[in-house]
Every structure is written in C-alpha cells, then in structure tokens.
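K.L.:
Compact mmCIF, C-alpha atoms, file model26.txt:
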```
# COMPACT_ATOMS: atom_id res chain seq x y z
CA MET A 1 0.00 0.00 0.00
CA PRO A 2 1.33 3.55 -0.79
CA GLN A 3 2.42 5.63 2.20
CA LEU A 4 0.13 7.72 4.41
CA SER A 5 1.26 11.14 5.65
CA GLU A 6 3.18 11.35 8.91
CA SER A 7 0.62 13.79 10.39
CA ILE A 8 -2.23 11.36 9.73
CA LYS A 9 -0.25 8.43 11.13
CA LYS A 10 0.16 10.38 14.38
CA LEU A 11 -3.50 11.45 14.51
CA LYS A 12 -5.44 9.68 17.28
CA ALA A 13 -9.08 8.76 16.88
CA SER A 14 -11.49 10.66 19.11
CA SER A 15 -11.99 8.76 22.38
CA THR A 16 -15.50 10.21 22.60
CA VAL A 17 -16.37 8.64 19.26
CA ALA A 18 -14.53 5.41 20.14
CA PHE A 19 -16.39 4.80 23.41
CA ASN A 20 -19.71 5.89 21.89
CA THR A 21 -19.09 3.34 19.11
CA LYS A 22 -18.31 0.61 21.68
CA ALA A 23 -21.54 1.41 23.53
CA ASN A 24 -23.55 1.28 20.30
CA GLU A 25 -21.96 -2.03 19.31
CA LEU A 26 -23.06 -3.54 22.62
CA LYS A 27 -26.56 -2.14 22.09
CA ARG A 28 -26.77 -3.70 18.63
CA SER A 29 -25.79 -7.05 20.13
CA GLY A 30 -28.84 -6.84 22.41
CA VAL A 31 -27.23 -5.45 25.59
CA ASP A 32 -29.16 -2.72 27.42
CA VAL A 33 -26.49 -0.02 27.62
CA VAL A 34 -26.96 3.38 29.23
CA ALA A 35 -24.77 5.52 26.97
CA MET A 36 -23.52 8.69 28.66
CA THR A 37 -20.79 9.24 26.10
CA ALA A 38 -21.95 11.65 23.42
CA GLY A 39 -22.44 15.39 23.89
CA GLU A 40 -25.79 15.36 22.14
CA PRO A 41 -29.08 16.77 23.47
CA ASP A 42 -31.80 14.13 23.64
CA PHE A 43 -34.44 16.73 22.72
CA GLN A 44 -35.85 17.27 19.23
CA PRO A 45 -35.24 20.76 17.81
CA PRO A 46 -37.94 23.43 18.24
CA ALA A 47 -41.00 23.13 15.98
CA HIS A 48 -40.39 26.49 14.27
CA VAL A 49 -36.91 25.33 13.26
CA PHE A 50 -38.31 22.17 11.66
CA ALA A 51 -40.94 24.29 9.90
CA ALA A 52 -38.29 26.58 8.39
CA ALA A 53 -36.39 23.61 6.97
CA GLN A 54 -39.59 22.08 5.59
CA GLU A 55 -40.51 25.39 3.97
CA ALA A 56 -37.08 25.59 2.36
CA ILE A 57 -37.58 22.08 0.91
CA ALA A 58 -41.02 23.01 -0.41
CA LYS A 59 -39.56 26.07 -2.14
CA GLY A 60 -36.68 24.07 -3.61
CA LEU A 61 -34.01 26.06 -1.78
CA THR A 62 -31.52 23.23 -2.03
CA LYS A 63 -28.67 24.66 -4.14
CA TYR A 64 -25.08 25.46 -3.23
CA THR A 65 -24.56 28.24 -0.72
CA PRO A 66 -21.70 30.79 -0.59
CA ALA A 67 -18.48 29.47 0.94
CA GLU A 68 -18.78 31.94 3.83
CA GLY A 69 -22.46 31.11 4.45
CA MET A 70 -25.74 32.65 3.34
CA PHE A 71 -25.95 36.41 3.83
CA GLU A 72 -29.28 36.08 5.67
CA LEU A 73 -27.78 33.69 8.20
CA ARG A 74 -24.69 35.84 8.73
CA GLU A 75 -27.03 38.80 9.32
CA ALA A 76 -28.98 36.73 11.85
CA VAL A 77 -25.73 35.80 13.63
CA CYS A 78 -24.83 39.51 13.84
CA GLY A 79 -28.24 40.14 15.38
CA LYS A 80 -27.66 37.42 17.97
CA PHE A 81 -24.32 38.90 19.07
CA GLU A 82 -25.78 42.43 19.26
CA ARG A 83 -28.89 41.31 21.13
CA GLU A 84 -27.37 38.83 23.56
CA ASN A 85 -23.75 39.92 23.97
CA LYS A 86 -23.69 43.67 23.11
CA LEU A 87 -21.12 42.94 20.39
CA SER A 88 -21.30 44.68 17.01
CA TYR A 89 -20.33 42.67 13.91
CA SER A 90 -20.99 43.03 10.19
CA PRO A 91 -21.83 40.01 7.99
CA GLU A 92 -18.28 40.25 6.53
CA GLN A 93 -16.98 39.34 10.00
CA ILE A 94 -18.99 36.10 10.15
CA ILE A 95 -18.28 32.66 8.67
CA VAL A 96 -20.76 29.77 8.61
CA SER A 97 -19.24 26.28 8.61
CA THR A 98 -20.14 22.61 8.89
CA GLY A 99 -20.28 22.68 12.68
CA GLY A 100 -18.27 24.63 15.23
CA LYS A 101 -15.48 22.07 14.81
CA GLN A 102 -14.81 23.26 11.25
CA VAL A 103 -14.78 26.91 12.36
CA LEU A 104 -12.06 26.06 14.87
CA TYR A 105 -10.03 23.96 12.41
CA ASN A 106 -10.19 26.71 9.78
CA ALA A 107 -8.94 29.18 12.38
CA PHE A 108 -5.97 27.08 13.51
CA MET A 109 -4.97 26.55 9.87
CA ALA A 110 -5.26 30.29 9.24
CA VAL A 111 -3.04 31.51 12.11
CA LEU A 112 -0.54 28.78 13.00
CA ASN A 113 2.90 28.19 11.52
CA PRO A 114 4.98 25.09 12.39
CA GLY A 115 6.07 25.20 16.02
CA ASP A 116 3.60 27.89 17.10
CA GLU A 117 2.06 27.25 20.51
CA VAL A 118 -1.56 27.23 21.64
CA ILE A 119 -2.37 27.42 25.36
CA ILE A 120 -5.38 25.31 26.38
CA PRO A 121 -6.70 24.91 29.94
CA ALA A 122 -7.01 21.22 30.83
CA PRO A 123 -9.10 19.11 31.04
CA TYR A 124 -9.97 20.10 27.46
CA TRP A 125 -12.13 18.90 24.58
CA VAL A 126 -10.40 16.01 22.83
CA SER A 127 -10.25 17.68 19.40
CA TYR A 128 -8.31 20.76 20.49
CA PRO A 129 -4.80 19.22 20.56
CA ALA A 130 -5.48 17.10 17.46
CA GLN A 131 -6.50 20.13 15.40
CA ILE A 132 -3.57 22.20 16.68
CA GLN A 133 -1.11 19.46 15.72
CA LEU A 134 -2.66 19.02 12.26
CA ALA A 135 -2.08 22.74 11.70
CA GLY A 136 1.59 22.30 12.68
CA GLY A 137 1.16 23.82 16.13
CA VAL A 138 2.07 22.67 19.62
CA PRO A 139 -0.64 22.34 22.30
CA VAL A 140 0.43 23.70 25.69
CA PRO A 141 -1.89 22.42 28.46
CA VAL A 142 -2.41 24.47 31.61
CA MET A 143 -3.84 22.20 34.30
CA THR A 144 -6.86 23.15 36.40
CA ARG A 145 -8.03 21.49 39.61
CA PRO A 146 -11.35 19.86 40.56
CA GLU A 147 -11.31 21.72 43.88
CA ASP A 148 -11.30 25.02 41.91
CA GLY A 149 -14.22 23.91 39.78
CA PHE A 150 -11.75 23.44 36.90
CA VAL A 151 -11.45 27.22 36.44
CA PRO A 152 -7.95 28.18 35.21
CA GLU A 153 -5.65 30.48 37.16
CA PRO A 154 -4.74 33.49 34.99
CA GLU A 155 -1.25 33.50 36.50
CA ALA A 156 -0.72 29.89 35.40
CA ILE A 157 -1.63 30.91 31.85
CA ARG A 158 0.72 33.90 32.04
CA THR A 159 3.54 31.55 33.07
CA ALA A 160 2.86 29.33 30.05
CA ILE A 161 3.19 32.17 27.52
CA THR A 162 6.37 32.13 25.43
CA ASP A 163 7.60 33.93 22.31
CA ARG A 164 5.99 31.12 20.28
CA THR A 165 2.50 31.53 21.78
CA ARG A 166 0.00 32.48 19.06
CA VAL A 167 -3.34 31.54 20.61
CA ILE A 168 -4.93 31.19 24.03
CA LEU A 169 -8.05 29.05 23.77
CA ILE A 170 -10.81 29.44 26.34
CA ASN A 171 -13.97 27.35 26.59
CA SER A 172 -16.64 28.51 29.03
CA PRO A 173 -18.93 26.75 29.78
CA SER A 174 -16.44 23.97 29.29
CA ASN A 175 -16.56 20.61 27.61
CA PRO A 176 -15.72 18.33 29.44
CA THR A 177 -15.85 19.97 32.90
CA GLY A 178 -18.89 22.27 32.78
CA ALA A 179 -16.75 25.04 34.31
CA VAL A 180 -18.02 28.60 33.88
CA TYR A 181 -15.21 31.15 34.05
CA PRO A 182 -15.91 34.17 36.29
CA ARG A 183 -15.83 37.57 34.58
CA GLU A 184 -12.57 38.59 36.27
CA VAL A 185 -10.84 35.42 34.99
CA VAL A 186 -11.98 35.98 31.39
CA LYS A 187 -10.96 39.65 31.56
CA ALA A 188 -7.52 38.84 32.98
CA ILE A 189 -6.80 36.19 30.34
CA VAL A 190 -7.94 38.37 27.43
CA GLU A 191 -6.01 41.41 28.63
CA MET A 192 -2.75 39.47 29.07
CA ALA A 193 -3.21 38.06 25.53
CA ALA A 194 -3.87 41.52 24.11
CA GLU A 195 -0.71 42.87 25.75
CA ARG A 196 1.38 40.30 23.84
CA ASP A 197 -0.66 40.49 20.59
CA ILE A 198 -1.86 36.91 21.02
CA TRP A 199 -5.11 35.61 19.53
CA ILE A 200 -7.97 34.60 21.82
CA PHE A 201 -10.09 31.77 20.44
CA SER A 202 -13.27 31.62 22.53
CA ASP A 203 -15.30 28.41 22.17
CA ASP A 204 -18.78 29.54 23.23
CA LEU A 205 -20.87 26.58 22.05
CA TYR A 206 -22.44 26.09 25.50
CA GLU A 207 -23.20 29.78 26.15
CA HIS A 208 -26.92 29.22 26.73
CA LEU A 209 -26.51 26.25 29.09
CA ILE A 210 -25.48 27.94 32.36
CA TYR A 211 -27.10 27.09 35.70
CA GLU A 212 -25.01 29.20 38.09
CA GLY A 213 -22.81 32.17 37.29
CA GLU A 214 -22.99 34.14 34.06
CA PHE A 215 -21.58 33.98 30.56
CA THR A 216 -18.78 36.48 29.88
CA PRO A 217 -17.97 37.10 26.18
CA ALA A 218 -14.19 37.32 25.76
CA ALA A 219 -14.68 39.64 22.79
CA GLN A 220 -16.01 42.35 25.11
CA TYR A 221 -12.40 43.03 26.15
CA ALA A 222 -10.46 42.65 22.87
CA GLN A 223 -12.83 42.19 19.93
CA ASP A 224 -10.10 42.88 17.36
CA LYS A 225 -7.99 39.99 18.68
CA THR A 226 -10.78 37.48 19.43
CA LEU A 227 -12.40 34.77 17.34
CA ILE A 228 -15.73 33.47 18.66
CA ILE A 229 -16.54 29.85 17.83
CA HIS A 230 -20.27 29.20 18.14
CA GLY A 231 -23.03 27.13 16.60
CA ALA A 232 -26.48 25.61 16.66
CA SER A 233 -25.75 22.10 17.95
CA LYS A 234 -26.08 22.41 21.71
CA ALA A 235 -28.63 25.10 22.58
CA TYR A 236 -31.02 24.29 19.73
CA ALA A 237 -30.47 20.49 19.66
CA LEU A 238 -29.35 20.69 16.01
CA THR A 239 -26.33 18.38 16.27
CA GLY A 240 -26.83 16.45 13.03
CA TRP A 241 -27.68 19.59 11.07
CA ARG A 242 -24.00 20.64 11.31
CA ILE A 243 -24.10 24.44 11.44
CA GLY A 244 -21.40 26.35 13.26
CA TYR A 245 -20.42 29.98 12.92
CA GLY A 246 -17.45 32.15 13.79
CA ALA A 247 -17.12 35.88 14.40
CA GLY A 248 -13.86 37.80 14.26
CA PRO A 249 -11.75 40.42 12.48
CA LYS A 250 -12.40 40.64 8.72
CA GLU A 251 -8.91 39.55 7.66
CA LEU A 252 -9.08 36.39 9.77
CA ILE A 253 -12.58 35.56 8.50
CA LYS A 254 -11.43 36.12 4.90
CA ALA A 255 -8.52 33.73 5.41
CA MET A 256 -10.79 31.10 6.96
CA THR A 257 -13.26 31.52 4.07
CA ARG A 258 -10.49 30.95 1.48
CA LEU A 259 -9.61 27.70 3.19
CA GLN A 260 -13.25 26.63 3.47
CA GLY A 261 -13.84 27.47 -0.19
CA GLN A 262 -11.14 24.99 -1.17
CA ALA A 263 -11.98 22.33 1.44
CA THR A 264 -15.76 21.99 1.69
CA SER A 265 -17.43 25.10 0.20
CA GLY A 266 -20.67 26.29 1.81
CA ALA A 267 -22.58 24.49 4.56
CA ASN A 268 -25.90 22.68 4.08
CA SER A 269 -28.54 25.01 2.63
CA LEU A 270 -31.60 23.58 4.39
CA ALA A 271 -29.87 23.60 7.77
CA GLN A 272 -28.91 27.25 7.27
CA TYR A 273 -32.56 28.21 6.76
CA ALA A 274 -33.41 26.30 9.95
CA VAL A 275 -30.78 28.18 11.97
CA ILE A 276 -32.01 31.53 10.60
CA ALA A 277 -35.37 30.71 12.21
CA ALA A 278 -33.68 29.64 15.46
CA LEU A 279 -31.81 32.95 15.68
CA ASN A 280 -34.54 35.30 14.46
CA GLU A 281 -37.68 33.86 16.12
CA VAL A 282 -36.32 34.90 19.48
CA GLU A 283 -39.20 34.23 21.88
CA LYS A 284 -39.91 30.74 20.57
CA THR A 285 -36.24 29.79 20.75
CA ARG A 286 -35.83 31.28 24.22
CA ALA A 287 -38.77 29.19 25.49
CA PHE A 288 -37.13 26.05 24.09
CA ILE A 289 -33.79 26.85 25.74
CA GLU A 290 -35.43 27.50 29.11
CA MET A 291 -37.32 24.20 28.90
CA THR A 292 -34.16 22.23 28.18
CA LYS A 293 -32.11 24.06 30.83
CA LYS A 294 -34.69 23.17 33.49
CA ALA A 295 -34.42 19.50 32.51
CA TYR A 296 -30.61 19.53 32.44
CA LEU A 297 -30.44 21.20 35.85
CA GLU A 298 -32.54 18.46 37.44
CA ARG A 299 -30.48 15.76 35.74
CA ARG A 300 -27.21 17.37 36.82
CA ASP A 301 -28.23 17.48 40.46
CA VAL A 302 -29.40 13.86 40.50
CA LEU A 303 -26.21 12.64 38.79
CA VAL A 304 -23.75 14.68 40.88
CA THR A 305 -25.45 13.76 44.16
CA GLY A 306 -25.60 10.11 43.16
CA LEU A 307 -21.97 9.81 42.06
CA ASN A 308 -20.67 11.55 45.18
CA SER A 309 -22.80 9.30 47.39
CA LEU A 310 -21.06 6.33 45.74
CA GLY A 311 -17.63 7.72 46.60
CA LEU A 312 -16.86 8.87 43.04
CA LYS A 313 -15.81 12.48 43.66
CA THR A 314 -17.63 14.72 41.21
CA PRO A 315 -17.54 18.55 41.29
CA ARG A 316 -20.88 20.23 40.55
CA PRO A 317 -20.55 21.86 37.11
CA GLN A 318 -22.07 25.29 36.49
CA GLY A 319 -22.82 24.80 32.80
CA ALA A 320 -22.92 22.55 29.71
CA PHE A 321 -24.24 18.99 30.26
CA TYR A 322 -21.24 17.02 31.49
CA VAL A 323 -19.68 15.99 34.77
CA MET A 324 -16.11 14.85 35.42
CA ALA A 325 -16.07 12.00 37.94
CA ASP A 326 -13.08 10.49 39.72
CA LEU A 327 -13.13 6.76 38.89
CA THR A 328 -10.04 5.69 40.83
CA ARG A 329 -12.26 3.76 43.24
CA LEU A 330 -12.97 1.46 40.29
CA HIS A 331 -9.46 1.36 38.82
CA GLU A 332 -6.44 3.67 38.98
CA ASP A 333 -6.31 3.73 35.17
CA GLU A 334 -9.24 5.73 33.77
CA THR A 335 -9.50 3.70 30.55
CA GLU A 336 -9.69 0.42 32.48
CA ALA A 337 -12.29 1.99 34.79
CA ALA A 338 -14.38 3.10 31.80
CA LEU A 339 -14.13 -0.38 30.27
CA LEU A 340 -15.27 -1.91 33.57
CA LEU A 341 -18.30 0.38 33.61
CA LEU A 342 -19.15 -0.48 30.02
CA GLU A 343 -18.55 -4.21 30.08
CA LYS A 344 -19.69 -5.05 33.64
CA ALA A 345 -22.26 -2.35 34.47
CA HIS A 346 -23.29 -1.55 30.88
CA VAL A 347 -22.83 2.17 31.44
CA GLY A 348 -20.96 4.05 28.71
CA VAL A 349 -18.66 6.91 29.76
CA VAL A 350 -15.61 8.56 28.16
CA PRO A 351 -12.28 8.08 29.98
CA GLY A 352 -10.38 11.23 30.80
CA THR A 353 -7.19 10.19 28.97
CA ASP A 354 -7.68 12.37 25.87
CA PHE A 355 -9.18 15.19 27.96
CA ASN A 356 -5.90 15.30 29.94
CA ALA A 357 -7.83 14.25 33.04
CA PRO A 358 -6.07 11.22 34.56
CA GLY A 359 -8.19 9.06 36.85
CA GLN A 360 -11.41 10.71 35.70
CA ALA A 361 -14.16 10.18 33.15
CA ARG A 362 -16.73 12.38 31.48
CA LEU A 363 -20.41 11.51 31.83
CA SER A 364 -22.99 13.34 29.73
CA TYR A 365 -26.35 14.05 31.32
CA ALA A 366 -27.94 14.90 27.99
CA THR A 367 -30.08 11.84 28.58
CA SER A 368 -33.26 11.06 30.47
CA LEU A 369 -33.63 11.01 34.26
CA GLU A 370 -34.68 7.40 33.92
CA ASN A 371 -31.34 6.57 32.30
CA ILE A 372 -29.42 8.52 34.95
CA HIS A 373 -31.14 6.63 37.79
CA LYS A 374 -30.51 3.34 35.96
CA ALA A 375 -26.82 4.20 35.49
CA LEU A 376 -26.40 5.07 39.18
CA GLU A 377 -28.01 1.79 40.24
CA ARG A 378 -25.70 -0.19 37.95
CA ILE A 379 -22.58 1.64 39.14
CA LYS A 380 -23.60 1.02 42.75
CA LYS A 381 -24.07 -2.67 42.04
CA LEU A 382 -20.64 -2.87 40.40
CA LEU A 383 -18.98 -1.10 43.34
CA ASP A 384 -20.76 -3.37 45.82
```
Kindly transcribe the structure held in the file into structure tokens.

P.N.:
Amino acid sequence: MPQLSESIKKLKASSTVAFNTKANELKRSGVDVVAMTAGEPDFQPPAHVFAAAQEAIAKGLTKYTPAEGMFELREAVCGKFERENKLSYSPEQIIVSTGGKQVLYNAFMAVLNPGDEVIIPAPYWVSYPAQIQLAGGVPVPVMTRPEDGFVPEPEAIRTAITDRTRVILINSPSNPTGAVYPREVVKAIVEMAAERDIWIFSDDLYEHLIYEGEFTPAAQYAQDKTLIIHGASKAYALTGWRIGYGAGPKELIKAMTRLQGQATSGANSLAQYAVIAALNEVEKTRAFIEMTKKAYLERRDVLVTGLNSLGLKTPRPQGAFYVMADLTRLHEDETEAALLLLEKAHVGVVPGTDFNAPGQARLSYATSLENIHKALERIKKLLD
C-alpha cells in the first residue's frame, strides 16, 4: 500500500467517538447499555426550526450556498451577538461552517505556523490538541483542579506564555468539565493576551446552558484579537444539522473563508434556513432553551449527588451537560475503569485520557432522568 502522511499516522481517533461506538456495538448485540458518552441533546429541535427547513424544501431552496455562508444567516448571527452579547459585527466578520469544529479547524490553519504554541486549559475537549497538531502547532496544556471547579488560574496561563504563543483558547462553559469562568478570569486572560498580541479563540458553544454564574464574552475586552466559535448544535439540539459559525476580524474571517472554499465550500442550505429561524424567532427559541435548561439542571443534580454518594468524587458543574467523575475507586487507570463500567455495568462513559484528566471520566447528562437513575443503580451494584 502507498504511504500515508506522517501527520495522519500520528493522529489519534477521538476517544468520545470510540467509546460511543463501543456502547452502540453492545446495544446492537442486544445489551441494554446506558450511553452517557456523546455530547448530544436528547431533545428534538424546536418546531419552528423544523418548519423553516420544511418550507425551504417546499420552495426548492436546495442549491449550493456561498463558501462563507448565506448572507441572511450571517445577518442573523450579527443580530444574535448584538442582542445577547452587546457585540457589534458586520456580515463580513462572520463565517458559517459545517459545525463549530470546522470553524475552529479553519482558524488554527489560518493563524498557526509550524512550532507555534496554543495554550489550552485542561481538562480540554479532545479535538483541540489534534487540530492544533494538524495545523503544525504545539498544544500547551495548563492544568486546572477539581477543587477550583476546573477554572484556570490566569497567573498559570501567564507563566505558560512564550515567544511562540500564538493563541490562548478558552472554553466557558467547558466541555468536558462544565466550568463557567468568572468575569474577572476571562478579563484577565484576554487582557494578558492583548498585551502580547496573542489571539484569543473563545469556544462559546455552551453559552446558553449555564445554571449558576454568568456567561462572559471574551470579545467584550479585545474584539479585534478574538475569534468566537459558536453554533447551533447544543442550545437548539441541532447536532446532526452541522451548522457552526465564527465571528472575528475581517482579515481572519477572509482567510478562513479561502480555506473553506477549497476544502468543503458552503454548509448545508436547508440547515442554514433552519438556523435563521432559530436565531430570528427569538421568543420561541428562548422558550425552548429555558425548557431544556430546566431538565438539564434536574439531571445534573441527581447525577452529581448520586456519584458523590457512591464515593466517586464529582464537582458540581455550572454549565454545559457534562460531569467529570473520579473513577479511581474502580481502577487507577481511567481507561480500564471506563471499560469496567461499560462491560460489567453496561454504562458508557468517556475516559479522561484524551481530555488530559487522569483518573477521571466524562459523563454526559444529555439523557433522560430514567437513564441517569438506571446508570447510578448499575454503578452502585458494580462497586458493591
């Protein structure tokens, strides 16, 4: 067989996908598995979003879209940032991509040269280091602590900055920890980046899923040096529709659009019409978000209380729909512990290895209360 590239040979598969696949394989073989692996809302999208997509089909609006995204959607994104975050953007400062993941990949490819460093608070989403490395960069983890709610110390980030630092990536609310960064932490990180002319990439996908604390937009403090990564997957339950969007300085967005034009071109047309409705029909969408947040809050409290009662130390997250649990009571190696849970208790979780969270695992509570109670009972039985 002809050779593969060295970068692809070094590329690890996503552990989230891997353990979700294992759980689904067991399900297909007839095993009743409670899968708490994927970061996917179990709700259907709002009715008005479905209606917009159906209307687009009826009108035959199924052709190619511009590489940067439909103008109407980019306008709607500008309206969202003005309305919700007091941030002023023009449509030329917005890119629409096939999910937030593509926005982030485009951005790393646009700003990184070989050997450039990207600071990422850890535990972190598994795709961050992989994307950085594919772009020729070097991920620089800055560890956070469970006892601090996984919120990074600005001074620790300052210590990690070198002459090769090009990006500081922040993710609040965080996947996988659910940490919500206090305003003073966001401000301190952004200001130290601005002093050194370093990019801030702010992954805001979970902005609307906050239970305590408040969302602080990094761009409020240095809009000309900040890229916002956002999208429709989490708040609107539009995961499979694959619409993400980014907001940043025009030159960066132009560079990302050139790359996207050569790689994938424009995102799905029908899904873009759906997201226009999600962003513009504000009251209907807000009601949907409040309904889902109420359900997630109840699930979070049941899961966190249950895991801690079993001796699996689990900080209470302030946002998103994940918890990070200490599994060392099951096994000192987090992958072995996750396999025990899957194979013996039939509960699917994602080990913390690729999150840079040794001894821990991520559990998603984007599933029903019934499943959460069932998972807790099975874990208790395994521990007993």

K.L.:
Given the choices A:Lys86, A:Lys381, A:Arg316, A:Lys10, which gets closest to Leu330 in chain A if the distance is worked out from only C-alpha atoms?

P.N.:
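Comparing A:Lys86, A:Lys381, A:Arg316, A:Lys10 against Leu330 in chain A, the winner is A:Lys381.
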
K.L.:
Mind checking which residues fall within 7 Å of Pro121 in chain A, counting only C-alpha atoms, ignoring those fewer than 4 positions away in the same chain, and posting them as a ChimeraX atom specification?

P.N.:
/A:141-144,152

K.L.:
With only C-alpha atoms as the atoms that count, which of A:Pro45, A:Gly60, A:Gly244, A:Gly136 lies nearest to Glu6 in chain A?

P.N.:
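Closest residue, counting only C-alpha atoms: A:Gly136.
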
K.L.:
Please determine, counting only C-alpha atoms, which residue among A:Thr353, A:Thr239, A:Ser364, A:Asn371 has the shortest atom-to-atom distance to Asn20 in chain A.

P.N.:
A:Ser364

K.L.:
Given the point (-17.0, 1.2, 25.0) in the file's coordinates, find the residues that have an atom at most 9 Å from it, counting only C-alpha atoms, and give them as a list in words.

P.N.:
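These residues have at least one counted atom within 9 Å: Ala18, Phe19, Asn20, Thr21, Lys22, Ala23, Asn24, Glu25, Leu26, Thr37, Ala338, Leu339, Leu341, Leu342, Glu343, Val347, Gly348, Val349 and Val350 of chain A.
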
K.L.:
I want to know what sits within 9 Å of Val126 in chain A, based on all atoms listed in the file, with residues of the same chain fewer than 2 positions away left out; could you give that as a VMD selection string?

P.N.:
chain A and resid 14 to 16 123 to 124 128 to 130 176 354 to 356

K.L.:
Since we have the selection now, will you write its residues out, keeping C-alpha atoms, as an mmCIF file, in the frame of the given file?

P.N.:
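Contents of the output file out24.cif:
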```
data_model
loop_
_atom_site.group_PDB
_atom_site.id
_atom_site.type_symbol
_atom_site.label_atom_id
_atom_site.label_comp_id
_atom_site.auth_asym_id
_atom_site.auth_seq_id
_atom_site.Cartn_x
_atom_site.Cartn_y
_atom_site.Cartn_z
ATOM 1 C CA SER A 14 -11.490 10.660 19.110
ATOM 2 C CA SER A 15 -11.990 8.760 22.380
ATOM 3 C CA THR A 16 -15.500 10.210 22.600
ATOM 4 C CA PRO A 123 -9.100 19.110 31.040
ATOM 5 C CA TYR A 124 -9.970 20.100 27.460
ATOM 6 C CA TYR A 128 -8.310 20.760 20.490
ATOM 7 C CA PRO A 129 -4.800 19.220 20.560
ATOM 8 C CA ALA A 130 -5.480 17.100 17.460
ATOM 9 C CA PRO A 176 -15.720 18.330 29.440
ATOM 10 C CA ASP A 354 -7.680 12.370 25.870
ATOM 11 C CA PHE A 355 -9.180 15.190 27.960
ATOM 12 C CA ASN A 356 -5.900 15.300 29.940
#
```

K.L.:
Would you work out the distance separating CA of Leu303 in chain A from CA of Leu327 in chain A, expressed in Å to one decimal?

P.N.:
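Atom-to-atom, CA of Leu303 in chain A and CA of Leu327 in chain A are spaced 14.3 Å apart.
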
K.L.:
If we count all atoms listed in the file, what is near Tyr296 in chain A at a cut-off of 10 Å, once residues fewer than 2 positions away on the same chain are taken out, given as a PyMOL selection string?

P.N.:
chain A and resi 41+209-211+290-294+298-302+319-322+365-369

K.L.:
Compare A:Leu134, A:Val111, A:Leu376, A:Leu310 by their minimum atom-to-atom distance to Lys9 in chain A, counting only C-alpha atoms, and give me the closest one.

P.N.:
A:Leu134

K.L.:
Can you check which parts of range 113-219 of chain A lie within 10 Å of range 91-107 of chain A? Per residue, the shortest pair of atoms and distance in Å to one decimal, counting all atoms listed in the file, sorted by chain and number, as a Markdown table.

P.N.:
```
| residue | atom | partner | partner_atom | distance |
| --- | --- | --- | --- | --- |
| A:Ser127 | CA | A:Lys101 | CA | 8.2 |
| A:Tyr128 | CA | A:Leu104 | CA | 8.6 |
| A:Ala130 | CA | A:Tyr105 | CA | 9.7 |
| A:Gln131 | CA | A:Tyr105 | CA | 6.0 |
| A:Ile132 | CA | A:Tyr105 | CA | 7.9 |
| A:Leu134 | CA | A:Tyr105 | CA | 8.9 |
| A:Ala135 | CA | A:Tyr105 | CA | 8.1 |
| A:Phe201 | CA | A:Leu104 | CA | 8.2 |
| A:Ser202 | CA | A:Leu104 | CA | 9.5 |
| A:Asp203 | CA | A:Leu104 | CA | 8.3 |
| A:Asp204 | CA | A:Gly100 | CA | 9.4 |
| A:Leu205 | CA | A:Gly100 | CA | 7.6 |
```

K.L.:
Draw an axis-aligned box tight on the listed atoms of range 61-67 of chain A, then pad every side by 6 Å and write out centre and edge lengths in Å to one decimal as JSON.

P.N.:
```
{"center_x": -26.2, "center_y": 27.0, "center_z": -1.6, "size_x": 27.5, "size_y": 19.6, "size_z": 17.1}
```

K.L.:
Interatomic distance between CA of Gln3 in chain A and CA of Asn113 in chain A?

P.N.:
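Taking CA of Gln3 in chain A and CA of Asn113 in chain A, their separation equals 24.4 Å.
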
K.L.:
Quick one: of A:Glu84, A:Pro2, A:Ala35, A:Glu68, who's nearest to Lys254 in chain A, counting all atoms listed in the file?

P.N.:
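That would be A:Glu68, the residue with the smallest distance to Lys254 in chain A.
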
K.L.:
From the list A:Thr285, A:Gln260, A:Ser265, A:Asn175, which residue is nearest Pro317 in chain A when using only C-alpha atoms?

P.N.:
A:Asn175

K.L.:
Please report the interatomic distance between CA of Leu307 in chain A and CA of Ser29 in chain A in Å with one decimal.

P.N.:
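Taking CA of Leu307 in chain A as the start and CA of Ser29 in chain A as the end point, the length is 27.9 Å.
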
K.L.:
For Ala219 in chain A, find every residue with an atom within 10 Å (counting only C-alpha atoms), except residues of its own chain fewer than 6 positions away, and show them as a list in words.

P.N.:
Asn85, Lys86, Leu87, Val186, Lys187, Val190, Ile200, Phe201, Ser202, Lys225, Thr226, Leu227, Ile228, Ala247 and Gly248 of chain A

K.L.:
Just want the 9 Å neighbourhood of Thr335 in chain A, counted on all atoms listed in the file, with same-chain residues fewer than 6 positions away dropped. Output as a VMD selection string.

P.N.:
chain A and resid 350 to 353 359 to 361

K.L.:
Please reconstruct the missing atoms of range 211-224 of chain A (target: N, CA and C atoms) and return them as a compact mmCIF listing (two decimals), in the coordinates of the input.

P.N.:
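Now in out-v2.txt:
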```txt
# COMPACT_ATOMS: atom_id res chain seq x y z
N TYR A 211 -26.16 27.27 34.59
CA TYR A 211 -27.10 27.09 35.70
C TYR A 211 -26.74 27.98 36.89
N GLU A 212 -25.48 28.23 37.09
CA GLU A 212 -25.01 29.20 38.09
C GLU A 212 -23.92 30.03 37.45
N GLY A 213 -23.78 31.29 37.90
CA GLY A 213 -22.81 32.17 37.29
C GLY A 213 -23.39 32.81 36.04
N GLU A 214 -22.54 33.46 35.27
CA GLU A 214 -22.99 34.14 34.06
C GLU A 214 -21.97 33.95 32.94
N PHE A 215 -22.46 34.08 31.72
CA PHE A 215 -21.58 33.98 30.56
C PHE A 215 -20.89 35.32 30.32
N THR A 216 -19.56 35.28 30.15
CA THR A 216 -18.78 36.48 29.88
C THR A 216 -18.15 36.36 28.50
N PRO A 217 -18.58 37.16 27.52
CA PRO A 217 -17.97 37.10 26.18
C PRO A 217 -16.54 37.66 26.21
N ALA A 218 -15.58 36.86 25.80
CA ALA A 218 -14.19 37.32 25.76
C ALA A 218 -14.03 38.52 24.85
N ALA A 219 -14.82 38.57 23.77
CA ALA A 219 -14.68 39.64 22.79
C ALA A 219 -15.04 41.01 23.35
N GLN A 220 -15.72 41.06 24.48
CA GLN A 220 -16.01 42.35 25.11
C GLN A 220 -14.73 43.11 25.45
N TYR A 221 -13.63 42.41 25.66
CA TYR A 221 -12.40 43.03 26.15
C TYR A 221 -11.35 43.23 25.06
N ALA A 222 -11.43 42.48 23.96
CA ALA A 222 -10.46 42.65 22.87
C ALA A 222 -11.07 42.08 21.60
N GLN A 223 -12.10 42.74 21.07
CA GLN A 223 -12.83 42.19 19.93
C GLN A 223 -11.94 42.04 18.70
N ASP A 224 -10.96 42.92 18.54
CA ASP A 224 -10.10 42.88 17.36
C ASP A 224 -9.06 41.77 17.41
```
